[in-house]
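The structure appears below as structure tokens.
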Amino acid sequence: MSIVAEEKRVLLTIVTERVIENAVIADLDRLGVSGYTVTDARGRGHRGVRDANWDEAANIRIEVVCRRERAEALLAHLRDHYYASYAMVAWLHDVEVMRLDKF
Amino acid sequence: MSIVAEEKRVLLTIVTERVIENAVIADLDRLGVSGYTVTDARGRGHRGVRDANWDEAANIRIEVVCRRERAEALLAHLRDHYYASYAMVAWLHDVEVMRLDKF
Amino acid sequence: MSIVAEEKRVLLTIVTERVIENAVIADLDRLGVSGYTVTDARGRGHRGVRDANWDEAANIRIEVVCRRERAEALLAHLRDHYYASYAMVAWLHDVEVMRLDKF
């Protein structure tokens, strides 16, 4: 039996401003996310609807491993609630997760 | 000739408690891993066999680029030695690495 | 309409020595990168052409989401300008990015 699980999962990575960390984490909790990883980061990008510079802000990088449907629901929520006012970029891709059952 | 190497590699990412960083790194060394990257992180998840909360612990995120077989051997080792006692999640996916030879 | 964009992108991750962060970031700017994320890291690896140890240096992890052709151009530039003198590993893989238009 493989060490990686058969169930498909995606890794969703969200990079945004540290100032909204607590709010975003609370949203993840409320939307049913059981685990996440946050790392501090710095960087640059463009604010979406303002197209102003996002210069060297204090950022965070949030990672969530979950099913694709949940990742897409999280993205839709985050985009609708934060993207107009805060710098945010996000991406996802398929991953194989460590199998935890039956060992 | 492409800038990325033809040989297949995976990126293995392990998120676990910082308290076992030295032990896990020593294991990676012993199991033949030639390079790794560690970043500090925070987060939340469930301890596997205990199913207790893993609340805002001081975590680390370890990344290893290696062959799939080695990644699976590392995962099996880590799961067998740490998963029962420490919070740990891990995932892997294929990556293309920068070609280093012949330039 | 999906929350993820149809356009293909890759995530390019570069791990290198912190001492060249400013130089590398300036190069990314000059080469047309509009956004990047930097996290502090530690780790170990081999310097390529020297094959000396890269022991527990102060490292950075730079992430860029961009088109594949740009990622390959960045990699070629970085390899030509830094790899002989500084520890550097890099990898890329396909990602799906959050759709930002029309919402």
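Labeling convention for the structure tokens: chains A, B, ... as they appear, residues from 1 per chain, ligands from 1 in order of appearance.
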
Can you move chain C onto chain B by a least-squares fit over all C-alpha atoms paired in order, then give me the moved copy as a short mmCIF file (atom, residue, chain, number, x, y, z; two decimals) with N, CA, C and O atoms, in the first residue's frame?
```cif
data_model
loop_
_atom_site.label_atom_id
_atom_site.label_comp_id
_atom_site.auth_asym_id
_atom_site.auth_seq_id
_atom_site.Cartn_x
_atom_site.Cartn_y
_atom_site.Cartn_z
N MET C 1 18.68 23.22 -25.57
CA MET C 1 18.52 22.39 -24.37
C MET C 1 17.76 23.18 -23.32
O MET C 1 18.05 24.35 -23.07
N SER C 2 16.80 22.56 -22.76
CA SER C 2 15.94 23.26 -21.80
C SER C 2 16.71 23.61 -20.53
O SER C 2 17.65 22.93 -20.13
N ILE C 3 16.26 24.70 -19.89
CA ILE C 3 16.84 25.10 -18.61
C ILE C 3 16.42 24.16 -17.48
O ILE C 3 17.03 24.13 -16.43
N VAL C 4 15.35 23.39 -17.71
CA VAL C 4 14.95 22.44 -16.66
C VAL C 4 15.44 21.04 -17.00
O VAL C 4 15.52 20.65 -18.16
N ALA C 5 15.81 20.32 -15.96
CA ALA C 5 16.40 19.01 -16.13
C ALA C 5 15.37 17.99 -16.59
O ALA C 5 14.18 18.12 -16.31
N GLU C 6 15.83 16.97 -17.28
CA GLU C 6 14.90 15.93 -17.73
C GLU C 6 14.51 14.96 -16.62
O GLU C 6 13.45 14.35 -16.67
N GLU C 7 15.36 14.80 -15.66
CA GLU C 7 15.09 13.83 -14.60
C GLU C 7 13.89 14.27 -13.77
O GLU C 7 13.78 15.44 -13.41
N LYS C 8 13.04 13.35 -13.46
CA LYS C 8 11.85 13.66 -12.68
C LYS C 8 12.20 13.79 -11.20
O LYS C 8 12.95 12.98 -10.67
N ARG C 9 11.65 14.80 -10.60
CA ARG C 9 11.82 14.98 -9.16
C ARG C 9 10.48 15.34 -8.54
O ARG C 9 9.58 15.80 -9.26
N VAL C 10 10.38 15.15 -7.24
CA VAL C 10 9.20 15.64 -6.53
C VAL C 10 9.66 16.63 -5.47
O VAL C 10 10.82 16.60 -5.02
N LEU C 11 8.75 17.50 -5.09
CA LEU C 11 8.95 18.37 -3.94
C LEU C 11 8.13 17.77 -2.80
O LEU C 11 6.91 17.65 -2.91
N LEU C 12 8.82 17.39 -1.74
CA LEU C 12 8.17 16.87 -0.54
C LEU C 12 8.14 17.98 0.49
O LEU C 12 9.18 18.56 0.81
N THR C 13 6.96 18.30 0.99
CA THR C 13 6.81 19.33 2.02
C THR C 13 6.26 18.67 3.29
O THR C 13 5.26 17.96 3.24
N ILE C 14 6.95 18.91 4.39
CA ILE C 14 6.57 18.34 5.68
C ILE C 14 6.32 19.50 6.63
O ILE C 14 7.20 20.35 6.80
N VAL C 15 5.16 19.56 7.24
CA VAL C 15 4.88 20.56 8.26
C VAL C 15 4.75 19.84 9.59
O VAL C 15 3.95 18.90 9.71
N THR C 16 5.57 20.24 10.56
CA THR C 16 5.54 19.55 11.84
C THR C 16 5.95 20.51 12.96
O THR C 16 6.12 21.70 12.71
N GLU C 17 6.08 19.98 14.17
CA GLU C 17 6.40 20.83 15.31
C GLU C 17 7.89 21.18 15.35
O GLU C 17 8.73 20.33 15.08
N ARG C 18 8.18 22.41 15.72
CA ARG C 18 9.56 22.86 15.72
C ARG C 18 10.42 22.07 16.71
O ARG C 18 11.63 21.94 16.52
N VAL C 19 9.80 21.56 17.73
CA VAL C 19 10.54 20.86 18.77
C VAL C 19 11.28 19.63 18.23
O VAL C 19 12.26 19.20 18.82
N ILE C 20 10.84 19.08 17.09
CA ILE C 20 11.54 17.92 16.54
C ILE C 20 12.36 18.28 15.30
O ILE C 20 12.82 17.40 14.58
N GLU C 21 12.62 19.56 15.08
CA GLU C 21 13.40 19.94 13.88
C GLU C 21 14.75 19.22 13.83
O GLU C 21 15.10 18.63 12.80
N ASN C 22 15.50 19.28 14.90
CA ASN C 22 16.83 18.68 14.86
C ASN C 22 16.77 17.18 14.62
O ASN C 22 17.59 16.62 13.87
N ALA C 23 15.82 16.54 15.24
CA ALA C 23 15.69 15.09 15.08
C ALA C 23 15.32 14.73 13.64
O ALA C 23 15.90 13.80 13.04
N VAL C 24 14.39 15.47 13.08
CA VAL C 24 13.97 15.17 11.71
C VAL C 24 15.09 15.45 10.71
O VAL C 24 15.35 14.66 9.80
N ILE C 25 15.78 16.58 10.91
CA ILE C 25 16.89 16.90 10.01
C ILE C 25 17.99 15.84 10.09
O ILE C 25 18.56 15.44 9.06
N ALA C 26 18.27 15.38 11.29
CA ALA C 26 19.27 14.31 11.44
C ALA C 26 18.83 13.05 10.70
O ALA C 26 19.64 12.36 10.06
N ASP C 27 17.55 12.76 10.75
CA ASP C 27 17.03 11.60 10.02
C ASP C 27 17.17 11.80 8.51
O ASP C 27 17.51 10.86 7.79
N LEU C 28 16.87 13.00 8.03
CA LEU C 28 17.01 13.26 6.59
C LEU C 28 18.45 13.04 6.16
O LEU C 28 18.72 12.42 5.12
N ASP C 29 19.38 13.57 6.95
CA ASP C 29 20.80 13.37 6.64
C ASP C 29 21.12 11.88 6.53
O ASP C 29 21.74 11.43 5.57
N ARG C 30 20.69 11.17 7.53
CA ARG C 30 21.01 9.74 7.61
C ARG C 30 20.38 8.97 6.46
O ARG C 30 20.94 7.97 5.98
N LEU C 31 19.23 9.44 6.01
CA LEU C 31 18.53 8.76 4.91
C LEU C 31 18.98 9.25 3.54
O LEU C 31 18.38 8.94 2.52
N GLY C 32 20.06 10.07 3.50
CA GLY C 32 20.67 10.39 2.22
C GLY C 32 20.20 11.66 1.55
O GLY C 32 20.50 11.89 0.37
N VAL C 33 19.47 12.51 2.25
CA VAL C 33 19.01 13.76 1.65
C VAL C 33 20.17 14.75 1.61
O VAL C 33 20.79 15.02 2.64
N SER C 34 20.44 15.30 0.44
CA SER C 34 21.61 16.18 0.32
C SER C 34 21.26 17.66 0.50
O SER C 34 22.14 18.48 0.67
N GLY C 35 20.01 17.99 0.47
CA GLY C 35 19.63 19.40 0.65
C GLY C 35 18.20 19.51 1.11
O GLY C 35 17.37 18.66 0.79
N TYR C 36 17.96 20.54 1.88
CA TYR C 36 16.59 20.77 2.37
C TYR C 36 16.48 22.25 2.71
O TYR C 36 17.48 22.94 2.90
N THR C 37 15.25 22.73 2.80
CA THR C 37 14.95 24.11 3.16
C THR C 37 13.95 24.10 4.30
O THR C 37 12.94 23.40 4.23
N VAL C 38 14.24 24.89 5.35
CA VAL C 38 13.34 24.96 6.50
C VAL C 38 12.86 26.39 6.66
O VAL C 38 13.65 27.33 6.60
N THR C 39 11.54 26.56 6.83
CA THR C 39 11.01 27.88 7.17
C THR C 39 10.16 27.74 8.43
O THR C 39 9.52 26.71 8.67
N ASP C 40 10.18 28.79 9.24
CA ASP C 40 9.34 28.81 10.44
C ASP C 40 7.90 29.08 10.02
O ASP C 40 7.64 29.84 9.10
N ALA C 41 6.99 28.47 10.75
CA ALA C 41 5.58 28.61 10.42
C ALA C 41 4.74 28.53 11.68
O ALA C 41 5.22 28.18 12.75
N ARG C 42 3.50 28.90 11.51
CA ARG C 42 2.53 28.68 12.58
C ARG C 42 1.30 28.08 11.91
O ARG C 42 1.17 28.12 10.69
N GLY C 43 0.42 27.51 12.74
CA GLY C 43 -0.72 26.90 12.09
C GLY C 43 -1.54 26.10 13.04
O GLY C 43 -1.33 26.13 14.26
N ARG C 44 -2.44 25.38 12.47
CA ARG C 44 -3.35 24.58 13.26
C ARG C 44 -3.67 23.33 12.48
O ARG C 44 -3.67 23.33 11.25
N GLY C 45 -3.92 22.26 13.19
CA GLY C 45 -4.31 21.02 12.55
C GLY C 45 -4.69 20.03 13.62
O GLY C 45 -4.86 20.39 14.77
N HIS C 46 -4.82 18.79 13.19
CA HIS C 46 -5.16 17.75 14.16
C HIS C 46 -3.98 16.81 14.31
O HIS C 46 -3.36 16.44 13.32
N ARG C 47 -3.70 16.43 15.52
CA ARG C 47 -2.76 15.34 15.71
C ARG C 47 -3.46 14.08 15.26
O ARG C 47 -4.61 13.84 15.60
N GLY C 48 -2.73 13.27 14.54
CA GLY C 48 -3.39 12.14 13.90
C GLY C 48 -4.03 11.17 14.87
O GLY C 48 -5.26 11.15 15.01
N VAL C 49 -3.24 10.42 15.54
CA VAL C 49 -3.82 9.33 16.31
C VAL C 49 -4.49 9.83 17.58
O VAL C 49 -5.30 9.13 18.16
N ARG C 50 -4.17 11.00 17.99
CA ARG C 50 -4.81 11.51 19.19
C ARG C 50 -6.06 12.32 18.86
O ARG C 50 -6.97 12.41 19.65
N ASP C 51 -6.04 12.89 17.71
CA ASP C 51 -7.16 13.74 17.28
C ASP C 51 -7.41 14.90 18.25
O ASP C 51 -8.53 15.38 18.39
N ALA C 52 -6.38 15.30 18.94
CA ALA C 52 -6.48 16.49 19.78
C ALA C 52 -6.13 17.69 18.92
O ALA C 52 -5.57 17.55 17.84
N ASN C 53 -6.45 18.84 19.35
CA ASN C 53 -6.11 20.01 18.55
C ASN C 53 -4.60 20.28 18.56
O ASN C 53 -3.90 19.95 19.51
N TRP C 54 -4.15 20.84 17.49
CA TRP C 54 -2.75 21.22 17.31
C TRP C 54 -2.81 22.73 17.15
O TRP C 54 -2.81 23.25 16.06
N ASP C 55 -2.92 23.37 18.31
CA ASP C 55 -3.30 24.78 18.26
C ASP C 55 -2.09 25.71 18.22
O ASP C 55 -1.33 25.80 19.17
N GLU C 56 -1.98 26.42 17.13
CA GLU C 56 -1.04 27.52 17.02
C GLU C 56 0.34 27.19 17.55
O GLU C 56 0.99 27.99 18.19
N ALA C 57 0.75 25.95 17.33
CA ALA C 57 2.08 25.54 17.77
C ALA C 57 3.14 26.27 16.95
O ALA C 57 2.88 26.80 15.88
N ALA C 58 4.36 26.27 17.48
CA ALA C 58 5.50 26.71 16.71
C ALA C 58 5.86 25.58 15.77
O ALA C 58 6.27 24.50 16.20
N ASN C 59 5.68 25.82 14.50
CA ASN C 59 5.86 24.77 13.50
C ASN C 59 7.03 25.08 12.59
O ASN C 59 7.53 26.21 12.56
N ILE C 60 7.41 24.08 11.83
CA ILE C 60 8.36 24.28 10.74
C ILE C 60 7.78 23.64 9.49
O ILE C 60 6.93 22.75 9.56
N ARG C 61 8.30 24.11 8.40
CA ARG C 61 7.93 23.64 7.07
C ARG C 61 9.23 23.22 6.42
O ARG C 61 10.13 24.04 6.25
N ILE C 62 9.38 21.94 6.16
CA ILE C 62 10.62 21.42 5.57
C ILE C 62 10.34 21.02 4.12
O ILE C 62 9.37 20.32 3.86
N GLU C 63 11.19 21.48 3.22
CA GLU C 63 11.05 21.12 1.81
C GLU C 63 12.28 20.35 1.34
O GLU C 63 13.40 20.75 1.62
N VAL C 64 12.00 19.27 0.62
CA VAL C 64 13.07 18.44 0.07
C VAL C 64 12.72 18.16 -1.38
O VAL C 64 11.61 17.71 -1.67
N VAL C 65 13.65 18.43 -2.28
CA VAL C 65 13.49 18.05 -3.68
C VAL C 65 14.29 16.77 -3.89
O VAL C 65 15.50 16.74 -3.63
N CYS C 66 13.62 15.72 -4.32
CA CYS C 66 14.31 14.43 -4.45
C CYS C 66 13.53 13.53 -5.40
O CYS C 66 12.50 13.93 -5.94
N ARG C 67 14.04 12.34 -5.61
CA ARG C 67 13.30 11.36 -6.41
C ARG C 67 12.08 10.88 -5.63
O ARG C 67 12.09 10.85 -4.41
N ARG C 68 11.08 10.44 -6.38
CA ARG C 68 9.83 10.00 -5.75
C ARG C 68 10.07 8.85 -4.76
O ARG C 68 9.50 8.83 -3.67
N GLU C 69 10.92 7.91 -5.13
CA GLU C 69 11.11 6.75 -4.25
C GLU C 69 11.71 7.20 -2.91
O GLU C 69 11.36 6.69 -1.85
N ARG C 70 12.63 8.15 -2.96
CA ARG C 70 13.22 8.63 -1.72
C ARG C 70 12.17 9.39 -0.90
O ARG C 70 12.11 9.24 0.31
N ALA C 71 11.35 10.18 -1.56
CA ALA C 71 10.31 10.93 -0.84
C ALA C 71 9.37 9.96 -0.13
O ALA C 71 8.99 10.18 1.03
N GLU C 72 9.03 8.89 -0.81
CA GLU C 72 8.12 7.93 -0.18
C GLU C 72 8.79 7.22 0.98
O GLU C 72 8.16 6.96 2.02
N ALA C 73 10.09 6.95 0.85
CA ALA C 73 10.82 6.32 1.97
C ALA C 73 10.91 7.29 3.15
O ALA C 73 10.75 6.89 4.31
N LEU C 74 11.15 8.56 2.87
CA LEU C 74 11.19 9.56 3.94
C LEU C 74 9.85 9.65 4.65
O LEU C 74 9.77 9.66 5.88
N LEU C 75 8.78 9.69 3.86
CA LEU C 75 7.44 9.79 4.45
C LEU C 75 7.16 8.59 5.36
O LEU C 75 6.63 8.74 6.46
N ALA C 76 7.53 7.42 4.89
CA ALA C 76 7.26 6.22 5.69
C ALA C 76 8.05 6.28 7.00
O ALA C 76 7.52 5.97 8.08
N HIS C 77 9.28 6.71 6.90
CA HIS C 77 10.10 6.83 8.11
C HIS C 77 9.50 7.86 9.08
O HIS C 77 9.37 7.59 10.29
N LEU C 78 9.16 9.00 8.56
CA LEU C 78 8.64 10.07 9.43
C LEU C 78 7.32 9.64 10.08
O LEU C 78 7.09 9.88 11.26
N ARG C 79 6.47 9.01 9.28
CA ARG C 79 5.19 8.59 9.83
C ARG C 79 5.40 7.56 10.92
O ARG C 79 4.80 7.63 11.99
N ASP C 80 6.30 6.63 10.69
CA ASP C 80 6.51 5.57 11.68
C ASP C 80 7.14 6.10 12.96
O ASP C 80 6.92 5.56 14.04
N HIS C 81 7.96 7.14 12.85
CA HIS C 81 8.73 7.59 14.02
C HIS C 81 8.13 8.79 14.73
O HIS C 81 8.45 9.03 15.88
N TYR C 82 7.33 9.58 14.08
CA TYR C 82 6.89 10.83 14.71
C TYR C 82 5.38 11.02 14.74
O TYR C 82 4.88 11.75 15.57
N TYR C 83 4.69 10.38 13.81
CA TYR C 83 3.31 10.79 13.64
C TYR C 83 2.44 10.50 14.86
O TYR C 83 1.50 11.25 15.16
N ALA C 84 2.75 9.45 15.59
CA ALA C 84 1.92 9.12 16.75
C ALA C 84 2.06 10.14 17.87
O ALA C 84 1.15 10.32 18.68
N SER C 85 3.20 10.83 17.91
CA SER C 85 3.47 11.71 19.05
C SER C 85 3.51 13.20 18.71
O SER C 85 3.46 14.03 19.62
N TYR C 86 3.63 13.52 17.43
CA TYR C 86 3.78 14.93 17.06
C TYR C 86 2.85 15.25 15.90
O TYR C 86 2.55 14.40 15.07
N ALA C 87 2.41 16.49 15.89
CA ALA C 87 1.61 16.95 14.76
C ALA C 87 2.45 16.89 13.48
O ALA C 87 3.61 17.33 13.49
N MET C 88 1.91 16.36 12.44
CA MET C 88 2.66 16.27 11.17
C MET C 88 1.70 16.12 10.01
O MET C 88 0.80 15.28 10.05
N VAL C 89 1.89 16.95 9.00
CA VAL C 89 1.20 16.75 7.72
C VAL C 89 2.26 16.83 6.64
O VAL C 89 3.28 17.52 6.80
N ALA C 90 2.05 16.12 5.56
CA ALA C 90 3.05 16.10 4.49
C ALA C 90 2.37 15.85 3.17
O ALA C 90 1.34 15.17 3.09
N TRP C 91 2.96 16.43 2.13
CA TRP C 91 2.42 16.24 0.79
C TRP C 91 3.57 16.31 -0.20
O TRP C 91 4.66 16.82 0.12
N LEU C 92 3.33 15.81 -1.40
CA LEU C 92 4.37 15.87 -2.44
C LEU C 92 3.70 16.07 -3.79
O LEU C 92 2.51 15.79 -3.97
N HIS C 93 4.48 16.57 -4.71
CA HIS C 93 4.02 16.71 -6.10
C HIS C 93 5.24 16.83 -7.00
O HIS C 93 6.34 17.18 -6.56
N ASP C 94 5.02 16.55 -8.28
CA ASP C 94 6.11 16.61 -9.26
C ASP C 94 6.58 18.04 -9.47
O ASP C 94 5.77 18.97 -9.49
N VAL C 95 7.87 18.21 -9.64
CA VAL C 95 8.43 19.51 -10.01
C VAL C 95 9.49 19.31 -11.10
O VAL C 95 10.01 18.21 -11.29
N GLU C 96 9.78 20.40 -11.78
CA GLU C 96 10.89 20.42 -12.74
C GLU C 96 12.01 21.24 -12.11
O GLU C 96 11.75 22.36 -11.66
N VAL C 97 13.20 20.69 -12.06
CA VAL C 97 14.28 21.40 -11.39
C VAL C 97 15.22 22.07 -12.39
O VAL C 97 15.36 21.63 -13.53
N MET C 98 15.85 23.13 -11.93
CA MET C 98 16.81 23.87 -12.76
C MET C 98 17.96 22.94 -13.14
O MET C 98 18.54 22.27 -12.29
N ARG C 99 18.25 22.90 -14.39
CA ARG C 99 19.37 22.09 -14.87
C ARG C 99 20.68 22.73 -14.47
O ARG C 99 20.86 23.94 -14.68
N LEU C 100 21.59 21.94 -13.93
CA LEU C 100 22.83 22.51 -13.43
C LEU C 100 24.06 22.08 -14.22
O LEU C 100 25.11 22.71 -14.12
N ASP C 101 23.95 21.03 -14.97
CA ASP C 101 25.12 20.52 -15.69
C ASP C 101 25.30 21.28 -17.00
O ASP C 101 24.37 21.86 -17.55
N LYS C 102 26.48 21.26 -17.51
CA LYS C 102 26.78 21.73 -18.87
C LYS C 102 26.37 23.15 -19.13
O LYS C 102 25.55 23.42 -20.01
N PHE C 103 26.83 24.04 -18.34
CA PHE C 103 26.58 25.44 -18.69
C PHE C 103 27.85 26.23 -18.44
O PHE C 103 28.84 25.69 -18.03
#
```

DSSP on the backbone: what in chain C comes out helix (DSSP H, G or I), as a ChimeraX atom specification?
/C:18-30,68-82
